[in-house]
Each structure stands twice: as C-alpha cells, then as structure tokens.
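Chemist: Let me give you the structure first, and then I'll get to my questions.
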Amino acid sequence: MLIHIGFGNIVNSSKIIAIVSPDSAPVKRMVQGAREKGTAIDATQGRKTKSVLVMENSQVVLSALLPETIAGRVQGSAQMQEDSGVEGTDER
C-alpha cells in the first residue's frame with residue numbers, strides 16, 4: 001500500500017522497517033552515511049527533516065512530516081486493507 005509522506009511524495013508502506021525522529025546522534029550518523037553512499041532520498045522539499053523512514057533496501061527517506069503522522073497513515077492504510085478484505089502482497 002502506498003502512503004503519502006508529504007509534498008506529493010509517496011512510499012510503499014510494506015517496505016518500511018522503521019519511522020524514527022532525526023534528532024538522535026545514531027540516526028544523524030545513519031542519514032549522513034546514506035547521503036555519502038547515495039542511498040538517502042530527501043522528500044522534505046527544503047523544509048526541516050522531522051522523520052526518517054528506514055526502508056528494506058537500506059535506503060533512508062527524509063520527510064518533513066512528524067513520525068506520528070506517518071505512522072498514523074501507515075496504520076490507517078493497514079486498517080483500510082483489513083476492512084476491504086484485500087490481501088496484502090509481500091514481494092520479498
């Protein structure tokens with residue numbers, strides 16, 4: 001299921017491992033390392049990074065939305081899938 005992470009940017013919610021705040025030193029190091037490797041995707045549109053999405057493929061996605069907002073959208077999309085009876089596909 002695709003979810004909106006702000007400013008017209010959308011990610012596959014089934015590929016998200018974690019949604020974290022960018023404030024801690026370990027997360028800052030992870031983001032810097034991803035930038036150096038070219039695996040960081042900046043979806044902030046020049047605004048302050050408020051959340052970091054860690055994806056299955058070791059990429060990190062930077063978003064200007066709060067982690068709670070994105071987590072709510074992920075949970076909402078999962079609830080919509082359950083309510084509609086649609087089986088999720090896991091392409092691992």
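Identifiers for the structure tokens are assigned positionally: chains receive A, B, ... in sequence, residues are indexed from 1 per chain, and ligands are indexed from 1 in the order shown.
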Which residues come within 12 Å of Pro67 in chain A, counting only C-alpha atoms, excluding same-chain residues fewer than 3 positions away, as a list in words?

Modeler: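 Surrounding residues, per the criterion: Ile5, Gly6, Ala18, Ile19, Val20, Ser21, Pro22, Asp23, Thr49, Lys50, Ser51, Val52, Leu53, Val54, Val61, Leu62, Ser63, Ala64, Ile70, Ala71, Gly72, Arg73 and Val74 of chain A.
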
Chemist: Could you find all residues in chain A that DSSP calls strand (DSSP E or B) from the backbone, and write them as a list in words?

Modeler: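 Those residues are Leu2, Ile3, His4, Ile5, Gly6, Asn9, Ile10, Val11, Asn12, Ile16, Ile17, Ala18, Ile19, Val20, Ala40, Ile41, Asp42, Ser51, Val52, Leu53, Val54, Met55, Val60, Val61, Leu62 and Ser63 of chain A.
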
Chemist: Quick one: residues within 8 Å of Met1 in chain A, only C-alpha atoms counted, chain neighbours fewer than 3 positions away excluded, as number ranges by chain?

Modeler: A: 12-14, 77-78, 88

Chemist: Pick from A:Ser84, A:Leu65, A:Val11, A:Arg29: nearest to Lys48 in chain A, with only C-alpha atoms counted?

Modeler: A:Leu65

Chemist: Any chance you could list, as a CSV table (one decimal) with all heavy atoms, in the first residue's frame, the residues in range 6-37 of chain A that come up alpha helix (DSSP H) when DSSP is run on the backbone?

Modeler:
```
chain,number,residue,atom,x,y,z
A,25,ALA,N,21.9,11.2,17.8
A,25,ALA,CA,23.2,11.1,17.1
A,25,ALA,C,23.3,9.8,16.2
A,25,ALA,O,23.8,9.9,15.1
A,25,ALA,CB,24.3,11.1,18.1
A,26,PRO,N,22.8,8.7,16.7
A,26,PRO,CA,22.9,7.5,15.8
A,26,PRO,C,22.1,7.7,14.5
A,26,PRO,O,22.6,7.2,13.4
A,26,PRO,CB,22.3,6.3,16.6
A,26,PRO,CG,22.5,6.8,18.0
A,26,PRO,CD,22.4,8.3,18.0
A,27,VAL,N,20.9,8.3,14.6
A,27,VAL,CA,20.1,8.5,13.4
A,27,VAL,C,20.8,9.5,12.5
A,27,VAL,O,20.9,9.4,11.2
A,27,VAL,CB,18.7,8.9,13.7
A,27,VAL,CG1,17.9,9.3,12.4
A,27,VAL,CG2,18.0,7.8,14.5
A,28,LYS,N,21.4,10.6,13.1
A,28,LYS,CA,22.1,11.5,12.2
A,28,LYS,C,23.3,10.9,11.5
A,28,LYS,O,23.6,11.2,10.3
A,28,LYS,CB,22.6,12.7,13.1
A,28,LYS,CG,21.5,13.6,13.6
A,28,LYS,CD,22.1,14.7,14.5
A,28,LYS,CE,21.0,15.6,15.0
A,28,LYS,NZ,21.5,16.7,15.9
A,29,ARG,N,24.0,10.0,12.2
A,29,ARG,CA,25.1,9.3,11.5
A,29,ARG,C,24.6,8.4,10.4
A,29,ARG,O,25.2,8.3,9.3
A,29,ARG,CB,25.9,8.4,12.6
A,29,ARG,CG,26.8,9.3,13.4
A,29,ARG,CD,27.8,8.4,14.2
A,29,ARG,NE,27.1,7.5,15.1
A,29,ARG,CZ,26.8,7.7,16.4
A,29,ARG,NH1,27.1,8.9,16.9
A,29,ARG,NH2,26.2,6.8,17.1
A,30,MET,N,23.5,7.7,10.6
A,30,MET,CA,22.9,6.8,9.6
A,30,MET,C,22.5,7.7,8.4
A,30,MET,O,22.8,7.3,7.3
A,30,MET,CB,21.7,6.1,10.2
A,30,MET,CG,21.0,5.2,9.2
A,30,MET,SD,19.5,4.3,9.8
A,30,MET,CE,18.5,5.7,10.4
A,31,VAL,N,21.9,8.8,8.6
A,31,VAL,CA,21.5,9.7,7.5
A,31,VAL,C,22.7,10.2,6.7
A,31,VAL,O,22.7,10.2,5.5
A,31,VAL,CB,20.6,10.9,8.0
A,31,VAL,CG1,20.4,11.9,6.9
A,31,VAL,CG2,19.3,10.3,8.5
A,32,GLN,N,23.7,10.6,7.5
A,32,GLN,CA,24.9,11.1,6.8
A,32,GLN,C,25.6,10.0,6.0
A,32,GLN,O,26.1,10.2,4.9
A,32,GLN,CB,25.9,11.7,7.9
A,32,GLN,CG,27.1,12.3,7.3
A,32,GLN,CD,26.8,13.5,6.3
A,32,GLN,OE1,25.9,14.2,6.6
A,32,GLN,NE2,27.5,13.6,5.2
A,33,GLY,N,25.7,8.8,6.6
A,33,GLY,CA,26.2,7.7,5.8
A,33,GLY,C,25.4,7.4,4.6
A,33,GLY,O,26.0,7.1,3.5
A,34,ALA,N,24.1,7.4,4.7
A,34,ALA,CA,23.3,7.2,3.5
A,34,ALA,C,23.5,8.3,2.4
A,34,ALA,O,23.5,8.0,1.2
A,34,ALA,CB,21.8,7.1,3.9
A,35,ARG,N,23.6,9.5,2.9
A,35,ARG,CA,23.9,10.6,1.9
A,35,ARG,C,25.2,10.3,1.2
A,35,ARG,O,25.3,10.5,0.0
A,35,ARG,CB,24.0,12.0,2.6
A,35,ARG,CG,22.7,12.5,3.1
A,35,ARG,CD,22.9,13.9,3.7
A,35,ARG,NE,21.7,14.4,4.4
A,35,ARG,CZ,20.7,15.1,3.9
A,35,ARG,NH1,20.8,15.4,2.6
A,35,ARG,NH2,19.7,15.5,4.6
A,36,GLU,N,26.3,9.9,1.9
A,36,GLU,CA,27.6,9.7,1.3
A,36,GLU,C,27.5,8.5,0.3
A,36,GLU,O,28.2,8.5,-0.7
A,36,GLU,CB,28.6,9.4,2.4
A,36,GLU,CG,28.9,10.6,3.2
A,36,GLU,CD,29.7,10.3,4.5
A,36,GLU,OE1,30.1,9.1,4.7
A,36,GLU,OE2,30.0,11.3,5.2
A,37,LYS,N,26.7,7.5,0.7
A,37,LYS,CA,26.6,6.3,-0.2
A,37,LYS,C,25.6,6.6,-1.4
A,37,LYS,O,25.5,5.7,-2.3
A,37,LYS,CB,26.1,5.1,0.6
A,37,LYS,CG,27.1,4.5,1.5
A,37,LYS,CD,26.6,3.2,2.0
A,37,LYS,CE,26.2,3.4,3.4
A,37,LYS,NZ,25.6,2.2,4.0
```

Chemist: Give the answer as one residue: which of A:Leu2, A:Ile10, A:Met80, A:Ile16 has the shortest atom-to-atom distance to Ala43 in chain A, using only C-alpha atoms?

Modeler: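 Closest to Ala43 in chain A of all the choices is A:Ile10.
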
Chemist: Kindly give the distance, in Å, that separates CA of Asp42 in chain A and CA of Gln81 in chain A, rounded to a single decimal.

Modeler: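 Separation between CA of Asp42 in chain A and CA of Gln81 in chain A: 28.0 Å.
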
Chemist: At what distance in Å, to one decimal, does CA of Asn57 in chain A lie from CA of Thr39 in chain A?

Modeler: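 Result for CA of Thr39 in chain A versus CA of Asn57 in chain A: 9.1 Å, one decimal.
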
Chemist: What is the CA of Gly46 in chain A to CA of Ser58 in chain A distance in Å?

Modeler: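 Going from CA of Gly46 in chain A over to CA of Ser58 in chain A covers 22.6 Å.
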